[in-house]
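**Student:** Structure: final.pdb, PDB, C-alpha atoms and all ligand atoms.
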MODEL        1
ATOM      1  CA  MET A 262       8.966   6.684   3.294  1.00  0.00           C
ATOM      2  CA  SER A 263       8.001   7.187  -0.281  1.00  0.00           C
ATOM      3  CA  LYS A 264       5.024   8.622  -2.093  1.00  0.00           C
ATOM      4  CA  LEU A 265       3.047   6.016  -4.021  1.00  0.00           C
ATOM      5  CA  LYS A 266       1.296   6.245  -7.381  1.00  0.00           C
ATOM      6  CA  LEU A 267      -2.424   6.956  -7.093  1.00  0.00           C
ATOM      7  CA  TYR A 268      -4.818   4.822  -9.096  1.00  0.00           C
ATOM      8  CA  GLU A 269      -7.756   6.731 -10.485  1.00  0.00           C
ATOM      9  CA  TYR A 270     -11.244   5.869 -11.688  1.00  0.00           C
ATOM     10  CA  PRO A 271     -11.930   3.724 -13.736  1.00  0.00           C
ATOM     11  CA  HIS A 272      -8.939   1.506 -12.905  1.00  0.00           C
ATOM     12  CA  PRO A 273     -10.315  -2.036 -12.229  1.00  0.00           C
ATOM     13  CA  ILE A 274      -8.423  -2.426  -8.932  1.00  0.00           C
ATOM     14  CA  LEU A 275     -10.777   0.193  -7.478  1.00  0.00           C
ATOM     15  CA  HIS A 276     -13.738  -2.094  -8.189  1.00  0.00           C
ATOM     16  CA  LYS A 277     -12.230  -5.241  -6.701  1.00  0.00           C
ATOM     17  CA  LYS A 278     -12.906  -6.622  -3.219  1.00  0.00           C
ATOM     18  CA  ALA A 279      -9.603  -6.398  -1.310  1.00  0.00           C
ATOM     19  CA  GLU A 280      -7.994  -9.315   0.542  1.00  0.00           C
ATOM     20  CA  ARG A 281      -7.766  -9.538   4.321  1.00  0.00           C
ATOM     21  CA  VAL A 282      -4.300  -9.086   5.836  1.00  0.00           C
ATOM     22  CA  THR A 283      -3.163 -12.279   7.564  1.00  0.00           C
ATOM     23  CA  LYS A 284      -0.127 -10.886   9.373  1.00  0.00           C
ATOM     24  CA  VAL A 285       0.821  -7.323  10.338  1.00  0.00           C
ATOM     25  CA  ASP A 286       4.545  -7.355   9.614  1.00  0.00           C
ATOM     26  CA  ASP A 287       7.200  -4.832   8.565  1.00  0.00           C
ATOM     27  CA  GLU A 288       6.091  -5.027   4.950  1.00  0.00           C
ATOM     28  CA  ILE A 289       2.566  -3.975   5.956  1.00  0.00           C
ATOM     29  CA  ARG A 290       3.945  -1.217   8.221  1.00  0.00           C
ATOM     30  CA  LYS A 291       6.077   0.118   5.343  1.00  0.00           C
ATOM     31  CA  LEU A 292       2.919   0.226   3.229  1.00  0.00           C
ATOM     32  CA  LEU A 293       1.060   2.075   6.028  1.00  0.00           C
ATOM     33  CA  ASP A 294       3.879   4.668   6.243  1.00  0.00           C
ATOM     34  CA  ASP A 295       3.958   5.155   2.478  1.00  0.00           C
ATOM     35  CA  MET A 296       0.165   5.406   2.285  1.00  0.00           C
ATOM     36  CA  LEU A 297       0.141   8.100   4.966  1.00  0.00           C
ATOM     37  CA  GLU A 298       2.823  10.080   3.149  1.00  0.00           C
ATOM     38  CA  THR A 299       0.879   9.757  -0.103  1.00  0.00           C
ATOM     39  CA  MET A 300      -2.341  10.874   1.585  1.00  0.00           C
ATOM     40  CA  TYR A 301      -0.701  13.955   3.145  1.00  0.00           C
ATOM     41  CA  ALA A 302       1.077  14.847  -0.112  1.00  0.00           C
ATOM     42  CA  ASP A 303      -2.267  14.908  -1.921  1.00  0.00           C
ATOM     43  CA  LYS A 304      -4.097  16.579   0.969  1.00  0.00           C
ATOM     44  CA  GLY A 305      -6.484  13.696   1.491  1.00  0.00           C
ATOM     45  CA  VAL A 306      -8.231  12.827   4.759  1.00  0.00           C
ATOM     46  CA  GLY A 307      -8.265   9.113   4.042  1.00  0.00           C
ATOM     47  CA  LEU A 308      -6.667   6.601   1.725  1.00  0.00           C
ATOM     48  CA  ALA A 309      -7.340   2.915   1.059  1.00  0.00           C
ATOM     49  CA  ALA A 310      -4.692   0.462  -0.184  1.00  0.00           C
ATOM     50  CA  PRO A 311      -6.497  -0.275  -3.509  1.00  0.00           C
ATOM     51  CA  GLN A 312      -6.016   3.424  -4.354  1.00  0.00           C
ATOM     52  CA  VAL A 313      -2.260   2.817  -4.427  1.00  0.00           C
ATOM     53  CA  GLY A 314      -2.624  -0.417  -6.354  1.00  0.00           C
ATOM     54  CA  VAL A 315      -2.564  -2.841  -3.413  1.00  0.00           C
ATOM     55  CA  SER A 316      -5.674  -4.993  -3.068  1.00  0.00           C
ATOM     56  CA  LYS A 317      -5.451  -5.422   0.725  1.00  0.00           C
ATOM     57  CA  ARG A 318      -7.863  -4.399   3.490  1.00  0.00           C
ATOM     58  CA  ILE A 319      -5.852  -1.456   4.804  1.00  0.00           C
ATOM     59  CA  ILE A 320      -6.790   2.201   5.289  1.00  0.00           C
ATOM     60  CA  VAL A 321      -5.188   5.296   6.762  1.00  0.00           C
ATOM     61  CA  ILE A 322      -7.127   8.368   7.860  1.00  0.00           C
ATOM     62  CA  ASP A 323      -6.469  11.708   9.497  1.00  0.00           C
ATOM     63  CA  THR A 324      -9.500  13.909  10.014  1.00  0.00           C
ATOM     64  CA  GLU A 325      -7.735  16.519  12.133  1.00  0.00           C
ATOM     65  CA  GLN A 326      -5.478  18.216   9.618  1.00  0.00           C
ATOM     66  CA  ARG A 327      -6.384  21.833  10.278  1.00  0.00           C
ATOM     67  CA  ASP A 328      -4.923  24.162  12.852  1.00  0.00           C
ATOM     68  CA  GLU A 329      -6.924  26.992  14.518  1.00  0.00           C
ATOM     69  CA  ASP A 330      -6.437  29.243  11.478  1.00  0.00           C
ATOM     70  CA  GLY A 331      -7.716  26.583   9.123  1.00  0.00           C
ATOM     71  CA  ASN A 332      -4.249  25.911   7.732  1.00  0.00           C
ATOM     72  CA  TYR A 333      -3.215  22.465   6.643  1.00  0.00           C
ATOM     73  CA  LYS A 334      -1.000  20.365   8.896  1.00  0.00           C
ATOM     74  CA  PRO A 335      -0.695  16.657   9.811  1.00  0.00           C
ATOM     75  CA  GLY A 336      -3.010  15.914  12.754  1.00  0.00           C
ATOM     76  CA  ARG A 337      -3.745  12.520  14.275  1.00  0.00           C
ATOM     77  CA  PRO A 338      -3.075   9.697  11.795  1.00  0.00           C
ATOM     78  CA  MET A 339      -4.890   6.379  12.234  1.00  0.00           C
ATOM     79  CA  TYR A 340      -3.981   3.067  10.657  1.00  0.00           C
ATOM     80  CA  LEU A 341      -6.727   0.457  10.272  1.00  0.00           C
ATOM     81  CA  ILE A 342      -6.108  -3.083   9.046  1.00  0.00           C
ATOM     82  CA  ASN A 343      -9.026  -5.431   8.261  1.00  0.00           C
ATOM     83  CA  PRO A 344     -11.553  -2.815   9.484  1.00  0.00           C
ATOM     84  CA  GLU A 345     -15.061  -4.142  10.063  1.00  0.00           C
ATOM     85  CA  ILE A 346     -18.165  -2.127  10.872  1.00  0.00           C
ATOM     86  CA  ILE A 347     -19.712  -3.820  13.912  1.00  0.00           C
ATOM     87  CA  TYR A 348     -22.368  -1.183  14.683  1.00  0.00           C
ATOM     88  CA  LYS A 349     -24.331   1.272  12.540  1.00  0.00           C
ATOM     89  CA  SER A 350     -26.684   3.940  13.905  1.00  0.00           C
ATOM     90  CA  GLU A 351     -30.220   4.190  12.589  1.00  0.00           C
ATOM     91  CA  GLU A 352     -29.658   7.883  11.957  1.00  0.00           C
ATOM     92  CA  LYS A 353     -28.145   8.855   8.650  1.00  0.00           C
ATOM     93  CA  ILE A 354     -26.415  12.034   7.507  1.00  0.00           C
ATOM     94  CA  LEU A 355     -25.685  13.693   4.195  1.00  0.00           C
ATOM     95  CA  PHE A 356     -22.119  14.774   3.631  1.00  0.00           C
ATOM     96  CA  CYS A 357     -20.257  16.187   0.652  1.00  0.00           C
ATOM     97  CA  GLU A 358     -17.532  13.683  -0.256  1.00  0.00           C
ATOM     98  CA  GLY A 359     -14.556  13.722  -2.576  1.00  0.00           C
ATOM     99  CA  CYS A 360     -11.991  11.074  -3.431  1.00  0.00           C
ATOM    100  CA  LEU A 361      -8.339  11.194  -4.524  1.00  0.00           C
ATOM    101  CA  SER A 362      -9.192   8.582  -7.172  1.00  0.00           C
ATOM    102  CA  ILE A 363     -11.856  10.881  -8.669  1.00  0.00           C
ATOM    103  CA  PRO A 364      -9.933  14.175  -8.747  1.00  0.00           C
ATOM    104  CA  GLY A 365     -11.596  17.560  -8.645  1.00  0.00           C
ATOM    105  CA  GLN A 366     -15.109  16.235  -7.958  1.00  0.00           C
ATOM    106  CA  SER A 367     -17.455  15.982  -4.993  1.00  0.00           C
ATOM    107  CA  ALA A 368     -21.042  15.027  -4.243  1.00  0.00           C
ATOM    108  CA  GLU A 369     -23.396  14.542  -1.313  1.00  0.00           C
ATOM    109  CA  VAL A 370     -23.654  10.953  -0.103  1.00  0.00           C
ATOM    110  CA  GLU A 371     -25.879   9.452   2.599  1.00  0.00           C
ATOM    111  CA  ARG A 372     -24.014   7.619   5.380  1.00  0.00           C
ATOM    112  CA  TYR A 373     -24.666   6.279   8.878  1.00  0.00           C
ATOM    113  CA  GLU A 374     -24.253   9.067  11.415  1.00  0.00           C
ATOM    114  CA  SER A 375     -22.376   6.862  13.913  1.00  0.00           C
ATOM    115  CA  ILE A 376     -20.522   3.601  13.531  1.00  0.00           C
ATOM    116  CA  LYS A 377     -18.287   1.314  15.548  1.00  0.00           C
ATOM    117  CA  VAL A 378     -15.342  -0.295  13.785  1.00  0.00           C
ATOM    118  CA  ARG A 379     -13.149  -3.209  14.852  1.00  0.00           C
ATOM    119  CA  TYR A 380      -9.656  -3.346  13.306  1.00  0.00           C
ATOM    120  CA  LEU A 381      -5.999  -4.202  13.799  1.00  0.00           C
ATOM    121  CA  ASP A 382      -3.684  -1.283  14.528  1.00  0.00           C
ATOM    122  CA  TYR A 383      -0.099  -0.525  13.395  1.00  0.00           C
ATOM    123  CA  ASP A 384       1.212  -3.183  15.804  1.00  0.00           C
ATOM    124  CA  GLY A 385      -1.372  -5.791  14.807  1.00  0.00           C
ATOM    125  CA  LYS A 386      -3.354  -5.326  18.035  1.00  0.00           C
ATOM    126  CA  GLU A 387      -7.150  -5.558  17.898  1.00  0.00           C
ATOM    127  CA  GLN A 388      -8.872  -2.241  18.565  1.00  0.00           C
ATOM    128  CA  GLU A 389     -12.349  -0.730  18.412  1.00  0.00           C
ATOM    129  CA  ILE A 390     -13.277   2.833  17.614  1.00  0.00           C
ATOM    130  CA  GLU A 391     -16.578   4.693  17.725  1.00  0.00           C
ATOM    131  CA  ALA A 392     -16.980   7.531  15.275  1.00  0.00           C
ATOM    132  CA  THR A 393     -19.704  10.113  14.656  1.00  0.00           C
ATOM    133  CA  ASP A 394     -20.297  12.659  11.904  1.00  0.00           C
ATOM    134  CA  TYR A 395     -17.256  13.553   9.790  1.00  0.00           C
ATOM    135  CA  PRO A 396     -14.855  10.829  11.042  1.00  0.00           C
ATOM    136  CA  ALA A 397     -17.670   8.257  10.635  1.00  0.00           C
ATOM    137  CA  VAL A 398     -18.231   9.411   7.049  1.00  0.00           C
ATOM    138  CA  VAL A 399     -14.507   9.156   6.231  1.00  0.00           C
ATOM    139  CA  LEU A 400     -14.312   5.666   7.728  1.00  0.00           C
ATOM    140  CA  GLN A 401     -17.346   4.467   5.746  1.00  0.00           C
ATOM    141  CA  HIS A 402     -15.939   5.979   2.532  1.00  0.00           C
ATOM    142  CA  GLU A 403     -12.576   4.222   3.021  1.00  0.00           C
ATOM    143  CA  ILE A 404     -14.064   0.872   4.098  1.00  0.00           C
ATOM    144  CA  ASP A 405     -16.236   1.018   0.958  1.00  0.00           C
ATOM    145  CA  HIS A 406     -13.001   1.203  -1.076  1.00  0.00           C
ATOM    146  CA  LEU A 407     -11.998  -2.187   0.368  1.00  0.00           C
ATOM    147  CA  ASP A 408     -15.204  -3.667  -1.028  1.00  0.00           C
ATOM    148  CA  GLY A 409     -14.620  -2.122  -4.439  1.00  0.00           C
ATOM    149  CA  ILE A 410     -17.239   0.594  -3.901  1.00  0.00           C
ATOM    150  CA  LEU A 411     -16.638   4.245  -4.783  1.00  0.00           C
ATOM    151  CA  TYR A 412     -18.801   7.060  -3.445  1.00  0.00           C
ATOM    152  CA  ILE A 413     -20.109   7.675  -6.944  1.00  0.00           C
ATOM    153  CA  ASP A 414     -21.560   4.142  -6.870  1.00  0.00           C
ATOM    154  CA  ARG A 415     -23.875   5.404  -4.115  1.00  0.00           C
ATOM    155  CA  LEU A 416     -25.315   8.222  -6.247  1.00  0.00           C
ATOM    156  CA  SER A 417     -28.347   8.046  -8.501  1.00  0.00           C
ATOM    157  CA  ARG A 418     -27.474   7.143 -12.083  1.00  0.00           C
ATOM    158  CA  LEU A 419     -28.276  10.675 -13.214  1.00  0.00           C
ATOM    159  CA  LYS A 420     -26.000  12.329 -10.630  1.00  0.00           C
ATOM    160  CA  ARG A 421     -23.277   9.780 -11.272  1.00  0.00           C
ATOM    161  CA  ASN A 422     -23.317  10.391 -15.021  1.00  0.00           C
ATOM    162  CA  MET A 423     -23.215  14.156 -14.513  1.00  0.00           C
ATOM    163  CA  LEU A 424     -20.236  13.809 -12.203  1.00  0.00           C
ATOM    164  CA  LEU A 425     -18.396  11.540 -14.639  1.00  0.00           C
ATOM    165  CA  LYS A 426     -18.892  14.101 -17.425  1.00  0.00           C
ATOM    166  CA  LYS A 427     -17.428  16.783 -15.170  1.00  0.00           C
ATOM    167  CA  LEU A 428     -14.527  14.462 -14.345  1.00  0.00           C
ATOM    168  CA  GLU A 429     -13.785  14.072 -18.039  1.00  0.00           C
ATOM    169  CA  LYS A 430     -13.772  17.849 -18.526  1.00  0.00           C
ATOM    170  CA  TYR A 431     -11.576  18.271 -15.472  1.00  0.00           C
ATOM    171  CA  ARG A 432      -9.072  15.750 -16.799  1.00  0.00           C
ATOM    172  CA  ASN A 433      -8.976  17.368 -20.220  1.00  0.00           C
ATOM    173  CA  SER A 434      -8.232  20.797 -18.752  1.00  0.00           C
ATOM    174  CA  ARG A 435      -5.629  19.251 -16.440  1.00  0.00           C
ATOM    175  CA  GLU A 436      -3.880  17.726 -19.439  1.00  0.00           C
ATOM    176  CA  GLU A 437      -3.942  21.039 -21.299  1.00  0.00           C
ATOM    177  CA  GLN A 438      -2.209  22.701 -18.356  1.00  0.00           C
ATOM    178  CA  GLU A 439       0.541  20.091 -18.262  1.00  0.00           C
TER     179      GLU A 439
HETATM  180 NI    NI B   1     -11.871   7.662  -1.844  1.00  0.00          NI
ENDMDL
END
Please render this file's structure as structure tokens.
Ligand code: NI
**Tutor:**
Amino acid sequence: MSKLKLYEYPHPILHKKAERVTKVDDEIRKLLDDMLETMYADKGVGLAAPQVGVSKRIIVIDTEQRDEDGNYKPGRPMYLINPEIIYKSEEKILFCEGCLSIPGQSAEVERYESIKVRYLDYDGKEQEIEATDYPAVVLQHEIDHLDGILYIDRLSRLKRNMLLKKLEKYRNSREEQE
């Protein structure tokens, strides 16, 4: 496995609709393995292929990366290829989201409280999963990536502009430290 380069806002690949995967083969599985390693290395809970420069409909998530003491550890990784939301609850929730492509920032975003997703797994088998609350939020965030949508695109223009200013400051101070 190898850690992949992360593409950050405003790279155009993050705003492109990703292509469906036609065949789950070893090349795709290698990408899934590398994406998971990259996600763990950067302490993310989800990662979409466009974030590593691959415009394909592939995501990895792991929302159970804490032990009882709140320490970080790999939990239950999930691989989803061509994920499709086939059910959305009427209820919505607000959740504070961050993104590895928008480092150091977070904001509250409204999402569906529960969803059902159909996808192909690591072996190319069709699966369905129901998710509620936090896992549902992570899934919606990552599936958005496949449609070229970032969480900041779901904020009001005012909030989005404020966040982008903070991102610029964050990047400047990061560069000074390097
Ligand atoms: Ni993200």
**Student:** List the neighbours of segment 367-381 of chain A out to 8 Å using only C-alpha atoms; skip same-chain residues closer than 3 positions along the sequence, and give me the result as JSON, numbers by chain.
**Tutor:** {"A": [341, 342, 343, 344, 345, 346, 347, 348, 349, 350, 351, 352, 353, 354, 355, 356, 357, 358, 359, 360, 384, 385, 386, 387, 388, 389, 390, 391, 392, 393, 394, 397, 398, 401, 412, 413, 415, 416]}
**Student:** What does the distance from atom CA of Glu298 of chain A to atom CA of Glu437 of chain A come to in Å, to one decimal?
**Tutor:**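 Computing it gives 27.6 Å between the two atoms.
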**Student:** Using the file's own x, y and z axes, what box holds all listed atoms of segment 387-394 of chain A with 4 Å on each side, keeping edges along x, y and z, and what are its centre and edge lengths in Å to one decimal, as AutoDock Vina command-line options?
**Tutor:**
--center_x -13.7 --center_y 3.6 --center_z 15.2 --size_x 21.1 --size_y 26.2 --size_z 14.7
**Student:** So the first atom is atom NI of ligand NI 1 (chain B) and the second is atom CA of Glu269 of chain A; what is the distance between them in Å, to one decimal place?
**Tutor:** 9.6 Å
**Student:** Applied to this file, what does the PyMOL selection byres (((not hetatm)) within 8 of (chain B and resi 1)) return in terms of residues, put as a PyMOL selection string?
**Tutor:** chain A and resi 307-309+312+359-363+402-403+406+411-412
**Student:** Hey, what's within 12 Å of Tyr333 of chain A if we count all atoms listed in the file and toss same-chain stuff fewer than 2 positions away? As a list of chain:residue names, please?
**Tutor:** A:Tyr301, A:Ala302, A:Asp303, A:Lys304, A:Gly305, A:Val306, A:Asp323, A:Thr324, A:Glu325, A:Gln326, A:Arg327, A:Asp328, A:Glu329, A:Asp330, A:Gly331, A:Pro335, A:Gly336
**Student:** On this file, the PyMOL selection byres (((chain A and resi 273) around 12) and not hetatm) gives some set of residues; write that set as a list in words.
**Tutor:**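 Output of the PyMOL selection byres (((chain A and resi 273) around 12) and not hetatm): Tyr268, Glu269, Tyr270, Pro271, His272, Ile274, Leu275, His276, Lys277, Lys278, Ala279, Pro311, Gln312, Gly314, Val315, Ser316, Ser362, His406, Gly409, Ile410 and Leu411 of chain A.
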**Student:** To one decimal place, how far is atom CA of Ile320 of chain A from atom CA of Leu424 of chain A in Å?
**Tutor:**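 Atom CA of Ile320 of chain A sits 24.9 Å away from atom CA of Leu424 of chain A.
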